[in-house]
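J.: One file: query-v2.cif (mmCIF, C-alpha atoms).
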data_data
#
loop_
_atom_site.label_atom_id
_atom_site.label_comp_id
_atom_site.auth_asym_id
_atom_site.auth_seq_id
_atom_site.Cartn_x
_atom_site.Cartn_y
_atom_site.Cartn_z
CA MET C 1 0.00 0.00 0.00
CA SER C 2 1.46 3.37 -1.00
CA ASN C 3 2.18 6.22 1.36
CA ASP C 4 -0.47 8.23 -0.46
CA THR C 5 -3.11 5.63 0.26
CA ASN C 6 -2.07 5.42 3.89
CA ALA C 7 -2.22 9.18 4.22
CA THR C 8 -5.67 9.25 2.61
CA ILE C 9 -6.91 6.53 4.94
CA THR C 10 -5.64 8.41 7.97
CA ARG C 11 -7.21 11.66 6.84
CA ILE C 12 -10.57 10.01 6.12
CA ALA C 13 -10.51 8.38 9.54
CA GLU C 14 -9.81 11.78 11.06
CA ILE C 15 -12.78 13.31 9.22
CA ILE C 16 -15.13 10.50 10.28
CA ILE C 17 -14.04 10.70 13.90
CA ASP C 18 -14.50 14.45 13.86
CA GLU C 19 -17.86 14.53 12.06
CA LEU C 20 -19.41 11.67 14.01
CA LYS C 21 -17.79 12.71 17.27
CA LEU C 22 -16.48 9.20 17.84
CA GLU C 23 -14.76 8.58 21.14
CA ASP C 24 -12.06 6.13 22.19
CA VAL C 25 -10.55 5.95 18.72
CA THR C 26 -7.82 7.90 16.93
CA PRO C 27 -7.03 8.19 13.22
CA ALA C 28 -4.06 5.91 13.78
CA SER C 29 -6.06 3.26 15.60
CA PHE C 30 -9.12 3.36 13.32
CA ASP C 31 -9.40 0.02 11.55
CA PRO C 32 -9.75 0.94 7.84
CA ASP C 33 -11.63 -2.29 7.18
CA LEU C 34 -14.26 -1.72 9.85
CA ASP C 35 -17.74 -1.76 8.32
CA LEU C 36 -18.99 1.78 8.88
CA VAL C 37 -22.66 0.80 8.70
CA ASP C 38 -22.67 -2.50 10.58
CA GLU C 39 -19.92 -1.82 13.10
CA VAL C 40 -19.84 1.95 13.57
CA GLY C 41 -23.57 2.64 13.10
CA VAL C 42 -23.19 5.13 10.26
CA ASP C 43 -26.44 5.88 8.38
CA SER C 44 -27.16 7.56 5.07
CA MET C 45 -27.28 11.09 6.53
CA ASP C 46 -23.92 10.54 8.22
CA LEU C 47 -22.52 9.29 4.93
CA ALA C 48 -23.89 12.31 3.09
CA THR C 49 -22.25 14.60 5.63
CA ILE C 50 -18.94 12.80 5.34
CA ALA C 51 -19.23 12.91 1.54
CA LEU C 52 -19.61 16.68 1.64
CA VAL C 53 -16.55 17.12 3.83
CA LEU C 54 -14.60 14.81 1.52
CA ARG C 55 -15.80 16.85 -1.46
CA ASP C 56 -14.27 19.93 0.15
CA GLU C 57 -11.07 18.14 1.07
CA TYR C 58 -10.35 16.35 -2.21
CA SER C 59 -12.27 18.45 -4.76
CA ILE C 60 -14.16 15.44 -6.06
CA ARG C 61 -17.85 14.83 -6.61
CA ILE C 62 -19.36 11.80 -4.88
CA ASP C 63 -22.41 10.40 -6.64
CA GLU C 64 -25.37 9.70 -4.33
CA ASP C 65 -25.68 6.30 -5.99
CA ASP C 66 -22.16 5.45 -4.86
CA TYR C 67 -22.91 5.70 -1.12
CA PRO C 68 -23.53 1.94 -0.85
CA LYS C 69 -19.94 1.36 -1.98
CA LEU C 70 -18.48 3.55 0.75
CA THR C 71 -18.74 1.10 3.59
CA THR C 72 -15.19 1.17 4.94
CA VAL C 73 -12.48 3.79 5.23
CA ARG C 74 -10.35 1.75 2.84
CA PHE C 75 -13.12 1.65 0.20
CA ILE C 76 -13.59 5.40 0.57
CA ALA C 77 -9.85 5.98 0.13
CA GLU C 78 -9.77 3.81 -2.99
CA TYR C 79 -12.84 5.60 -4.34
CA ILE C 80 -11.23 9.01 -3.83
CA ILE C 81 -7.93 7.96 -5.39
CA ASP C 82 -9.78 6.49 -8.39
CA LYS C 83 -11.74 9.72 -8.80
CA GLN C 84 -8.59 11.81 -8.59
CA ASN C 85 -6.77 9.60 -11.10
CA SER C 86 -9.66 9.61 -13.56
CA SER C 87 -9.85 13.41 -13.51
CA GLU C 88 -6.15 13.86 -14.26
CA MET B 1 -16.41 38.23 -15.17
CA SER B 2 -16.30 34.64 -16.36
CA GLY B 3 -20.06 34.09 -16.22
CA GLN B 4 -19.48 30.76 -14.48
CA PRO B 5 -21.58 30.12 -11.38
CA GLN B 6 -19.60 30.31 -8.19
CA GLU B 7 -18.62 26.93 -6.78
CA TYR B 8 -19.09 26.69 -3.05
CA LYS B 9 -17.40 24.36 -0.65
CA PHE B 10 -19.62 22.90 2.04
CA SER B 11 -17.54 24.82 4.58
CA ASP B 12 -18.27 28.05 2.67
CA ILE B 13 -21.99 27.40 2.95
CA LEU B 14 -21.75 26.61 6.66
CA ALA B 15 -19.77 29.79 7.21
CA HIS B 16 -23.09 31.66 7.13
CA PRO B 17 -24.04 31.89 10.82
CA GLU B 18 -27.79 31.29 10.40
CA ILE B 19 -27.16 28.34 8.09
CA ARG B 20 -24.65 26.87 10.52
CA GLU B 21 -27.07 27.30 13.41
CA ARG B 22 -29.92 25.59 11.54
CA TRP B 23 -27.62 22.82 10.31
CA GLU B 24 -26.49 22.06 13.86
CA LYS B 25 -30.12 22.11 14.98
CA VAL B 26 -31.41 19.61 12.42
CA ARG B 27 -28.44 17.26 12.36
CA LYS B 28 -29.07 16.35 16.00
CA PHE B 29 -32.02 14.34 14.66
CA PHE B 30 -30.14 12.36 12.05
CA PHE B 31 -30.36 9.43 14.47
CA LEU B 32 -34.05 8.96 13.60
CA ARG B 33 -34.65 5.75 11.67
CA GLU B 34 -38.28 5.08 10.83
CA SER B 35 -40.54 2.19 10.12
CA THR B 36 -44.32 2.20 9.79
CA TYR B 37 -47.00 -0.04 11.21
CA ASP B 38 -50.60 -0.69 10.26
CA MET B 39 -52.32 -0.99 13.61
CA SER B 40 -55.83 -2.13 12.67
CA ASN B 41 -57.63 -3.14 9.50
CA ARG B 42 -60.72 -1.29 10.69
CA CYS B 43 -61.72 2.34 10.39
CA ASN B 44 -64.66 4.28 11.76
CA ILE B 45 -65.10 6.14 8.46
CA ARG B 46 -64.47 5.30 4.82
CA CYS B 47 -62.88 7.97 2.61
CA GLU B 48 -62.82 8.03 -1.16
CA GLY B 49 -59.30 7.44 -2.44
CA CYS B 50 -58.02 5.98 0.85
CA TYR B 51 -54.75 4.23 0.11
CA TYR B 52 -55.24 1.77 2.98
CA TYR B 53 -58.23 0.14 1.33
CA THR B 54 -56.33 -0.42 -1.90
CA GLY B 55 -54.28 -3.56 -2.58
CA GLU B 56 -53.74 -6.58 -0.36
CA LYS B 57 -52.81 -5.06 2.99
CA GLN B 58 -56.45 -4.40 3.94
CA PHE B 59 -57.03 -8.16 4.03
CA ALA B 60 -54.21 -8.91 6.47
CA GLU B 61 -55.31 -10.51 9.74
CA GLU B 62 -55.45 -8.07 12.66
CA VAL B 63 -53.19 -9.07 15.53
CA GLY B 64 -54.52 -7.57 18.74
CA ASP B 65 -52.21 -9.39 21.12
CA GLU B 66 -50.18 -6.85 23.13
CA THR B 67 -47.42 -9.36 23.82
CA ALA B 68 -46.91 -9.98 20.11
CA TRP B 69 -46.74 -6.24 19.47
CA ARG B 70 -44.30 -5.73 22.32
CA GLN B 71 -42.05 -8.46 20.94
CA LEU B 72 -42.18 -6.89 17.47
CA LEU B 73 -41.32 -3.41 18.77
CA GLU B 74 -38.49 -4.78 20.91
CA SER B 75 -37.03 -6.50 17.86
CA GLU B 76 -37.46 -3.30 15.87
CA LYS B 77 -35.62 -1.35 18.52
CA ASN B 78 -32.85 -3.92 18.52
CA ARG B 79 -32.32 -3.57 14.79
CA GLY B 80 -31.96 0.19 15.15
CA ILE B 81 -35.42 1.63 14.56
CA THR B 82 -35.80 4.82 16.60
CA PHE B 83 -38.99 6.31 15.15
CA VAL B 84 -42.35 4.65 14.53
CA VAL B 85 -45.24 5.84 12.40
CA LEU B 86 -48.52 4.22 13.44
CA ALA B 87 -51.06 4.33 10.66
CA GLY B 88 -53.74 2.30 8.81
CA ALA B 89 -56.46 1.93 8.97
CA GLU B 90 -57.31 3.88 12.18
CA PRO B 91 -54.89 3.60 15.14
CA SER B 92 -57.23 5.28 17.61
CA LEU B 93 -59.33 2.09 17.55
CA VAL B 94 -56.47 0.22 19.25
CA PRO B 95 -55.06 2.64 21.86
CA ASN B 96 -53.65 -0.23 23.91
CA LEU B 97 -51.40 -1.25 21.01
CA CYS B 98 -50.32 2.35 20.45
CA GLN B 99 -49.38 2.49 24.13
CA VAL B 100 -47.28 -0.67 23.77
CA CYS B 101 -45.40 0.94 20.87
CA TYR B 102 -44.83 4.13 22.85
CA ASP B 103 -43.56 2.19 25.85
CA VAL B 104 -40.86 0.55 23.72
CA ILE B 105 -39.93 3.31 21.21
CA PRO B 106 -40.74 6.79 22.56
CA TRP B 107 -40.27 8.72 19.29
CA GLY B 108 -43.08 8.53 16.79
CA ALA B 109 -46.22 9.81 15.15
CA ILE B 110 -49.76 8.57 14.71
CA ALA B 111 -51.89 9.20 11.63
CA THR B 112 -55.54 9.47 12.64
CA ASN B 113 -58.80 10.92 11.44
CA GLY B 114 -59.06 12.60 14.86
CA LEU B 115 -62.61 11.54 15.65
CA ILE B 116 -61.54 9.39 18.62
CA PRO B 117 -59.07 11.06 21.00
CA ILE B 118 -55.81 9.22 21.55
CA PRO B 119 -54.88 8.98 25.25
CA LYS B 120 -52.53 11.72 26.48
CA GLU B 121 -50.11 9.16 27.84
CA ILE B 122 -49.11 8.28 24.28
CA ASP B 123 -46.85 11.24 23.71
CA TYR B 124 -46.30 10.89 19.98
CA ARG B 125 -47.00 13.57 17.39
CA ILE B 126 -50.64 13.17 16.33
CA HIS B 127 -51.38 13.83 12.64
CA ILE B 128 -55.05 14.61 12.15
CA SER B 129 -56.20 14.33 8.56
CA ILE B 130 -58.39 16.96 6.89
CA TRP B 131 -59.75 16.69 3.38
CA GLY B 132 -61.59 20.01 3.13
CA ASN B 133 -64.28 21.88 4.99
CA ASP B 134 -67.03 20.02 6.80
CA LYS B 135 -69.29 19.97 3.74
CA THR B 136 -66.58 18.35 1.64
CA SER B 137 -65.58 15.96 4.41
CA LYS B 138 -69.16 14.81 4.70
CA ALA B 139 -69.25 14.13 0.97
CA ILE B 140 -65.87 12.39 0.68
CA ARG B 141 -65.49 10.87 4.15
CA LYS B 142 -69.16 10.42 5.03
CA ALA B 143 -68.62 11.99 8.45
CA PRO B 144 -70.50 15.10 9.63
CA ASN B 145 -68.90 18.06 11.44
CA MET B 146 -65.45 16.56 11.20
CA LEU B 147 -63.33 19.63 11.76
CA THR B 148 -65.39 20.77 14.74
CA LYS B 149 -65.02 17.35 16.35
CA GLN B 150 -61.32 17.07 15.54
CA VAL B 151 -60.51 20.45 17.04
CA ALA B 152 -62.60 19.71 20.13
CA ASN B 153 -60.78 16.42 20.64
CA TYR B 154 -57.35 18.04 20.38
CA GLN B 155 -57.89 21.51 21.81
CA ASN B 156 -54.70 22.75 23.56
CA ASP B 157 -52.98 19.47 22.79
CA PRO B 158 -49.33 20.08 21.83
CA ARG B 159 -49.17 16.66 20.16
CA ALA B 160 -51.60 17.70 17.44
CA VAL B 161 -50.85 18.86 13.92
CA PHE B 162 -53.59 18.97 11.31
CA VAL B 163 -52.67 17.62 7.88
CA TYR B 164 -54.66 19.16 5.05
CA THR B 165 -54.69 16.98 1.96
CA PHE B 166 -55.09 19.08 -1.16
CA THR B 167 -57.21 17.57 -3.89
CA PRO B 168 -58.30 19.32 -7.09
CA THR B 169 -61.72 19.89 -5.52
CA ASN B 170 -60.83 21.42 -2.14
CA ILE B 171 -58.09 23.93 -2.93
CA GLU B 172 -60.09 27.04 -2.12
CA GLU B 173 -61.44 25.52 1.11
CA ALA B 174 -57.94 25.46 2.57
CA ARG B 175 -58.38 29.15 3.35
CA GLU B 176 -61.37 28.72 5.66
CA VAL B 177 -59.90 25.60 7.27
CA THR B 178 -56.58 27.33 7.99
CA ARG B 179 -58.35 30.38 9.38
CA PHE B 180 -60.47 28.15 11.61
CA LEU B 181 -57.39 26.33 12.91
CA ALA B 182 -55.52 29.60 13.45
CA ASP B 183 -58.46 30.89 15.46
CA HIS B 184 -58.22 27.78 17.63
CA ASP B 185 -54.43 27.99 18.11
CA GLN B 186 -53.81 24.83 16.14
CA GLN B 187 -51.07 24.07 13.61
CA ILE B 188 -51.51 22.81 10.08
CA THR B 189 -49.26 21.29 7.47
CA PHE B 190 -50.02 20.33 3.89
CA ASN B 191 -50.29 17.05 2.05
CA MET B 192 -51.05 16.33 -1.57
CA PHE B 193 -53.55 13.73 -2.68
CA SER B 194 -51.49 11.01 -4.32
CA SER B 195 -53.43 8.51 -6.36
CA PRO B 196 -53.62 4.90 -5.28
CA VAL B 197 -52.49 2.47 -7.98
CA GLY B 198 -55.11 2.43 -10.73
CA TYR B 199 -57.09 5.40 -9.39
CA GLN B 200 -58.37 7.73 -12.12
CA GLY B 201 -61.04 9.58 -10.14
CA GLU B 202 -61.58 13.31 -9.81
CA LEU B 203 -59.20 13.64 -6.84
CA ARG B 204 -56.15 12.97 -9.02
CA HIS B 205 -54.18 16.19 -9.52
CA SER B 206 -53.78 17.87 -12.90
CA PRO B 207 -51.22 20.46 -14.01
CA GLU B 208 -53.79 23.17 -13.39
CA SER B 209 -54.70 21.94 -9.88
CA LEU B 210 -51.01 21.70 -9.00
CA LYS B 211 -50.55 25.32 -10.02
CA GLN B 212 -53.61 26.47 -8.05
CA THR B 213 -52.50 24.49 -5.01
CA ARG B 214 -49.06 26.09 -5.15
CA GLU B 215 -50.61 29.56 -5.14
CA VAL B 216 -52.93 28.85 -2.21
CA MET B 217 -50.20 27.16 -0.18
CA HIS B 218 -47.98 30.19 -0.70
CA GLU B 219 -50.74 32.58 0.30
CA LEU B 220 -51.51 30.63 3.48
CA LEU B 221 -47.86 30.28 4.44
CA SER B 222 -47.48 34.05 4.06
CA ASN B 223 -50.69 34.93 5.91
CA TYR B 224 -50.44 32.41 8.76
CA PRO B 225 -46.73 31.90 9.50
CA GLU B 226 -47.45 30.85 13.09
CA THR B 227 -50.10 28.34 12.07
CA VAL B 228 -48.71 26.81 8.89
CA LEU B 229 -45.81 24.38 9.23
CA PHE B 230 -44.39 24.56 5.72
CA SER B 231 -41.74 26.33 3.67
CA PRO B 232 -41.42 27.64 0.12
CA TYR B 233 -39.31 24.63 -0.73
CA ASN B 234 -41.98 22.28 0.60
CA ILE B 235 -44.36 23.99 -1.79
CA VAL B 236 -41.98 23.51 -4.70
CA ALA B 237 -41.25 19.88 -3.92
CA HIS B 238 -44.88 18.87 -3.52
CA THR B 239 -46.55 20.84 -6.34
CA ASP B 240 -44.01 20.31 -9.10
CA SER B 241 -45.32 18.72 -12.27
CA LYS B 242 -42.94 15.87 -11.52
CA ALA B 243 -43.77 13.62 -8.58
CA LEU B 244 -41.29 13.00 -5.77
CA HIS B 245 -39.64 9.94 -7.31
CA ASP B 246 -38.93 11.73 -10.56
CA LEU B 247 -37.54 14.73 -8.71
CA PHE B 248 -35.51 13.06 -5.99
CA SER B 249 -35.33 9.32 -6.69
CA CYS B 250 -37.33 7.68 -3.92
CA SER B 251 -35.19 5.84 -1.40
CA TYR B 252 -37.87 3.58 0.12
CA PRO B 253 -37.34 -0.18 -0.43
CA ARG B 254 -40.24 -0.41 -2.86
CA LEU B 255 -38.18 1.57 -5.39
CA ASN B 256 -34.70 1.06 -3.99
CA SER B 257 -33.14 -2.37 -4.21
CA SER B 258 -30.01 -1.45 -2.23
CA THR B 259 -29.87 -2.84 1.29
CA ALA B 260 -26.49 -1.28 2.06
CA VAL B 261 -27.49 1.85 3.95
CA GLY B 262 -30.39 4.20 4.70
CA LEU B 263 -34.08 3.50 4.14
CA GLY B 264 -33.29 0.67 1.74
CA ARG B 265 -31.59 -1.08 4.60
CA SER B 266 -33.71 -0.29 7.64
CA PHE B 267 -37.24 0.71 6.59
CA ARG B 268 -40.10 -1.77 6.89
CA GLN B 269 -43.83 -1.34 6.53
CA TYR B 270 -45.64 -3.81 8.77
CA ARG B 271 -49.18 -4.88 8.09
CA THR B 272 -51.71 -5.67 10.76
CA ASP B 273 -50.57 -9.31 10.76
CA LEU B 274 -47.08 -8.06 11.78
CA GLN B 275 -45.60 -9.21 8.48
CA TRP B 276 -43.82 -7.05 5.95
CA ASP B 277 -42.99 -7.31 2.27
CA ARG B 278 -39.96 -5.52 0.87
CA GLU B 279 -41.62 -5.17 -2.54
CA ALA B 280 -44.45 -3.15 -0.98
CA SER B 281 -42.47 -1.25 1.64
CA CYS B 282 -42.84 2.49 1.60
CA CYS B 283 -44.67 5.01 3.76
CA VAL B 284 -47.79 4.93 1.56
CA PRO B 285 -48.03 1.44 0.07
CA ASP B 286 -50.27 1.03 -2.96
CA THR B 287 -49.88 4.67 -3.89
CA ALA B 288 -48.89 5.09 -7.53
CA CYS B 289 -45.22 6.12 -7.45
CA ASP B 290 -45.57 8.29 -10.55
CA ASP B 291 -48.19 10.38 -8.74
CA CYS B 292 -46.72 10.33 -5.22
CA ARG B 293 -46.40 13.77 -3.66
CA HIS B 294 -47.29 12.53 -0.20
CA TYR B 295 -45.96 14.57 2.73
CA ALA B 296 -44.65 11.51 4.53
CA ALA B 297 -42.74 10.36 1.48
CA GLY B 298 -41.21 13.79 0.96
CA SER B 299 -40.10 13.99 4.58
CA ALA B 300 -37.77 11.07 3.99
CA VAL B 301 -36.99 11.38 0.30
CA VAL B 302 -36.12 15.09 0.14
CA THR B 303 -34.21 14.92 3.41
CA ALA B 304 -32.10 12.01 2.14
CA ARG B 305 -30.90 14.12 -0.81
CA MET B 306 -28.80 16.50 1.25
CA TYR B 307 -25.67 16.16 -0.88
CA ARG B 308 -27.23 17.47 -4.07
CA HIS B 309 -28.62 20.52 -2.23
CA ALA B 310 -25.21 21.57 -0.88
CA THR B 311 -24.36 23.59 -3.98
CA ASP B 312 -24.79 27.13 -2.70
CA PRO B 313 -26.19 28.92 0.37
CA THR B 314 -29.65 29.49 -1.11
CA THR B 315 -30.24 25.91 -2.21
CA PHE B 316 -28.91 24.51 1.04
CA SER B 317 -31.07 26.95 3.01
CA ALA B 318 -34.13 25.68 1.13
CA TRP B 319 -33.20 22.11 2.02
CA LEU B 320 -32.70 23.11 5.67
CA ASP B 321 -36.17 24.71 5.67
CA TYR B 322 -37.61 21.46 4.37
CA VAL B 323 -35.87 19.38 7.04
CA ASP B 324 -36.77 21.88 9.78
CA THR B 325 -40.40 21.59 8.66
CA TYR B 326 -40.33 17.81 8.55
CA LEU B 327 -38.91 17.64 12.08
CA ALA B 328 -41.49 20.12 13.40
CA VAL B 329 -44.28 18.08 11.86
CA TRP B 330 -43.07 14.68 13.01
CA VAL B 331 -41.10 15.10 16.23
CA ARG B 332 -42.72 15.99 19.56
CA GLY B 333 -41.10 19.01 21.16
CA TYR B 334 -39.25 20.17 18.05
CA THR B 335 -39.97 23.81 17.23
CA LYS B 336 -39.74 25.09 13.69
CA GLY B 337 -37.57 28.11 13.02
CA LYS B 338 -38.15 30.95 10.58
CA ASN B 339 -37.72 29.85 6.99
CA LEU B 340 -34.26 30.81 5.69
CA CYS B 341 -35.15 30.79 1.99
CA ASP B 342 -38.27 32.72 0.99
CA THR B 343 -38.06 32.13 -2.75
CA PHE B 344 -38.98 29.17 -4.94
CA ILE B 345 -35.84 27.39 -6.08
CA THR B 346 -35.56 24.66 -8.69
CA PRO B 347 -34.92 21.23 -7.15
CA PRO B 348 -31.35 20.24 -8.03
CA SER B 349 -30.68 17.09 -9.99
CA ASN B 350 -28.31 14.30 -9.00
CA THR B 351 -25.66 15.62 -11.37
CA GLN B 352 -25.13 18.87 -9.49
#
Could you take the file, read its structure, and then write that structure out as structure tokens?
T.:
Amino acid sequence: MSNDTNATITRIAEIIIDELKLEDVTPASFDPDLDLVDEVGVDSMDLATIALVLRDEYSIRIDEDDYPKLTTVRFIAEYIIDKQNSSE
Amino acid sequence: MSGQPQEYKFSDILAHPEIRERWEKVRKFFFLRESTYDMSNRCNIRCEGCYYYTGEKQFAEEVGDETAWRQLLESEKNRGITFVVLAGAEPSLVPNLCQVCYDVIPWGAIATNGLIPIPKEIDYRIHISIWGNDKTSKAIRKAPNMLTKQVANYQNDPRAVFVYTFTPTNIEEAREVTRFLADHDQQITFNMFSSPVGYQGELRHSPESLKQTREVMHELLSNYPETVLFSPYNIVAHTDSKALHDLFSCSYPRLNSSTAVGLGRSFRQYRTDLQWDREASCCVPDTACDDCRHYAAGSAVVTARMYRHATDPTTFSAWLDYVDTYLAVWVRGYTKGKNLCDTFITPPSNTQ
């Protein structure tokens, strides 16, 4: 896994922790493969909020139909990197 | 000047203090996850165009056993449901079952015709349906003096909100009904008649009736801001020539096959036999989706489309007004704020 991917994962974890006000977890300790819906309790409105913050951060557009794909921090990171690569 | 519209970051939009304040207010309720429950297959009146008495659900066996209901609600709570909507056919006929629901999940709303008072101990929002003035109600619902009885039953009751369903034949009557409710310190919100599957009767809206309804809604919202729980964007969303699914892509399971997240994952519509069917699950089963402008549907469907509304301060303000309205209508104790956007905006598409 590249340093870029690791950095993206850490930053996404930081955003999720901040937006959802999660306690007892840090960006470094956040398991990137944790299922955000099943294991963290994220719902569609949380995902929409996170998507908007990610839009600001990475200047990408996240399609509403893609929310079901964004179930882990790792999937979100891969989605963002794909979007950035495809727009280059 | 490039002529290009300004692109806003979400943080730019939230930098507006009144937008930020409203955003923080509404997002506290993002934990609400709804399901709906038909409580009884009986009703004390029979209204033309009633969606309950369309399709198969009306023939479901009625389970009156409190223990069975308690077990269902406990299991619902365990799978994350935090808000219940008790409906069809008439929940006030089974107050003991409503009480069981309230005891297990304390957030919710009850849809009733208002002719039988629901005990005060059940502290849900109470939605009392109105289909016109008393003359029209007698014709369509076969019940005399409805509004007088409804108001008497819920006088000074903070749970109550009256839901006026606009049909092509009662648009003008909304004025006298709203004035009557204002005089009695009640609150009103607006619904649109949405045809049951196969319905082609005179209550189905036309382009002209949608236009007239929009004008009257706007007039009443302007004239009775303390009485009418609505916003300009509610008016736009519910009187557009396109129905809600065409405008916002309905997210209820009936039209959404995804079970990953949101309503497609958690929403269920239970019939009176305590069974549910994913293929029929939405807040108004057996309503024709291409004609659905129902207030309950909009409350979930428009709210779910937050991302596409975060394009600029005006559009996001309109969305916040809609969500603020929906919470005021559905959640006990939630107080609606002043609308932030007083103009009609065009609903954004998914590509924005």
J.: Please determine the residues with any atom at most 12 Å from (-4.5, 3.6, 11.9) (coordinates as given in the file, with all atoms listed in the file counting) and report them as a list of chain:residue names.
T.: C:Thr5, C:Asn6, C:Ala7, C:Thr8, C:Ile9, C:Thr10, C:Arg11, C:Ile12, C:Ala13, C:Glu14, C:Val25, C:Thr26, C:Pro27, C:Ala28, C:Ser29, C:Phe30, C:Asp31, C:Pro32, C:Asp33, C:Leu34, C:Val73, C:Arg74
J.: Hey, which of C:Ala48, C:Leu22, C:Ala77, C:Leu70 ends up closest to chain B? Count only C-alpha atoms.
T.: C:Ala48
J.: Selection in question (the file shown): the PyMOL selection byres ((chain C) within 8 of (chain B)). Which residues does it include, as a ChimeraX atom specification?
T.: /C:37,43-46,48-49,51-53,55-56,63-64,67-68
J.: Write the residues you've just listed into a file as a JSON list (two decimals), keeping the file's coordinate frame, and include C-alpha atoms for each of them.
T.:
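Contents of selection_30.json, as written:
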[["chain", "number", "residue", "atom", "x", "y", "z"],
["C", 37, "VAL", "CA", -22.66, 0.80, 8.70],
["C", 43, "ASP", "CA", -26.44, 5.88, 8.38],
["C", 44, "SER", "CA", -27.16, 7.56, 5.07],
["C", 45, "MET", "CA", -27.28, 11.09, 6.53],
["C", 46, "ASP", "CA", -23.92, 10.54, 8.22],
["C", 48, "ALA", "CA", -23.89, 12.31, 3.09],
["C", 49, "THR", "CA", -22.25, 14.60, 5.63],
["C", 51, "ALA", "CA", -19.23, 12.91, 1.54],
["C", 52, "LEU", "CA", -19.61, 16.68, 1.64],
["C", 53, "VAL", "CA", -16.55, 17.12, 3.83],
["C", 55, "ARG", "CA", -15.80, 16.85, -1.46],
["C", 56, "ASP", "CA", -14.27, 19.93, 0.15],
["C", 63, "ASP", "CA", -22.41, 10.40, -6.64],
["C", 64, "GLU", "CA", -25.37, 9.70, -4.33],
["C", 67, "TYR", "CA", -22.91, 5.70, -1.12],
["C", 68, "PRO", "CA", -23.53, 1.94, -0.85]]
J.: From the options C:Asp38, C:Asp4, C:Glu23, C:Asp66, which residue's atoms come nearest to Tyr79 (chain C), counting all atoms listed in the file?
T.: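 Ranked by minimum distance to Tyr79 (chain C), first place goes to C:Asp66.
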J.: Around all listed atoms of region 84-103 of chain B, padded 8 Å per side, what centre and edge lengths does the axis-aligned box have in Å to one decimal, as lines of an AutoDock Vina configuration file?
T.:
center_x = -50.8
center_y = 2.3
center_z = 17.3
size_x = 33.0
size_y = 23.1
size_z = 33.0
J.: Between B:Arg125, B:Arg79, B:Arg268, B:Lys242, which has the minimum distance to Ser281 (chain B) (counting all atoms listed in the file)?
T.: B:Arg268
J.: Would you write out, as a list in words, every residue that the PyMOL selection byres ((chain B and resi 186-189) around 6) captures in this file?
T.: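 Answer for the PyMOL selection byres ((chain B and resi 186-189) around 6): Val161, Phe162, Val163, Leu181, Ala182, His184, Asp185, Phe190, Thr227, Val228 and Leu229 of chain B.
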J.: For region 17-28 of chain C, supply N, CA and C atoms and report the output as a PDB file, in the coordinates of the input.
T.:
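What landed in out-v1.pdb:
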ATOM      1  N   ILE C  17     -14.057  10.555  12.434  1.00  0.00           N
ATOM      2  CA  ILE C  17     -14.040  10.700  13.900  1.00  0.00           C
ATOM      3  C   ILE C  17     -14.538  12.082  14.303  1.00  0.00           C
ATOM      4  N   ASP C  18     -14.114  13.081  13.544  1.00  0.00           N
ATOM      5  CA  ASP C  18     -14.500  14.450  13.860  1.00  0.00           C
ATOM      6  C   ASP C  18     -15.996  14.693  13.598  1.00  0.00           C
ATOM      7  N   GLU C  19     -16.466  14.270  12.437  1.00  0.00           N
ATOM      8  CA  GLU C  19     -17.860  14.530  12.060  1.00  0.00           C
ATOM      9  C   GLU C  19     -18.850  13.749  12.918  1.00  0.00           C
ATOM     10  N   LEU C  20     -18.485  12.512  13.237  1.00  0.00           N
ATOM     11  CA  LEU C  20     -19.410  11.670  14.010  1.00  0.00           C
ATOM     12  C   LEU C  20     -19.135  11.740  15.503  1.00  0.00           C
ATOM     13  N   LYS C  21     -18.138  12.544  15.861  1.00  0.00           N
ATOM     14  CA  LYS C  21     -17.790  12.710  17.270  1.00  0.00           C
ATOM     15  C   LYS C  21     -17.567  11.361  17.954  1.00  0.00           C
ATOM     16  N   LEU C  22     -16.781  10.522  17.286  1.00  0.00           N
ATOM     17  CA  LEU C  22     -16.480   9.200  17.840  1.00  0.00           C
ATOM     18  C   LEU C  22     -15.471   9.340  18.966  1.00  0.00           C
ATOM     19  N   GLU C  23     -15.669   8.541  19.982  1.00  0.00           N
ATOM     20  CA  GLU C  23     -14.760   8.580  21.140  1.00  0.00           C
ATOM     21  C   GLU C  23     -13.972   7.276  21.202  1.00  0.00           C
ATOM     22  N   ASP C  24     -12.905   7.315  21.948  1.00  0.00           N
ATOM     23  CA  ASP C  24     -12.060   6.130  22.190  1.00  0.00           C
ATOM     24  C   ASP C  24     -11.451   5.563  20.920  1.00  0.00           C
ATOM     25  N   VAL C  25     -11.241   6.404  19.927  1.00  0.00           N
ATOM     26  CA  VAL C  25     -10.550   5.950  18.720  1.00  0.00           C
ATOM     27  C   VAL C  25      -9.788   7.135  18.143  1.00  0.00           C
ATOM     28  N   THR C  26      -8.623   6.844  17.560  1.00  0.00           N
ATOM     29  CA  THR C  26      -7.820   7.900  16.930  1.00  0.00           C
ATOM     30  C   THR C  26      -7.655   7.548  15.452  1.00  0.00           C
ATOM     31  N   PRO C  27      -7.250   8.517  14.636  1.00  0.00           N
ATOM     32  CA  PRO C  27      -7.030   8.190  13.220  1.00  0.00           C
ATOM     33  C   PRO C  27      -6.048   7.032  13.049  1.00  0.00           C
ATOM     34  N   ALA C  28      -5.063   6.976  13.910  1.00  0.00           N
ATOM     35  CA  ALA C  28      -4.060   5.910  13.780  1.00  0.00           C
ATOM     36  C   ALA C  28      -4.617   4.544  14.186  1.00  0.00           C
TER      37      ALA C  28
END
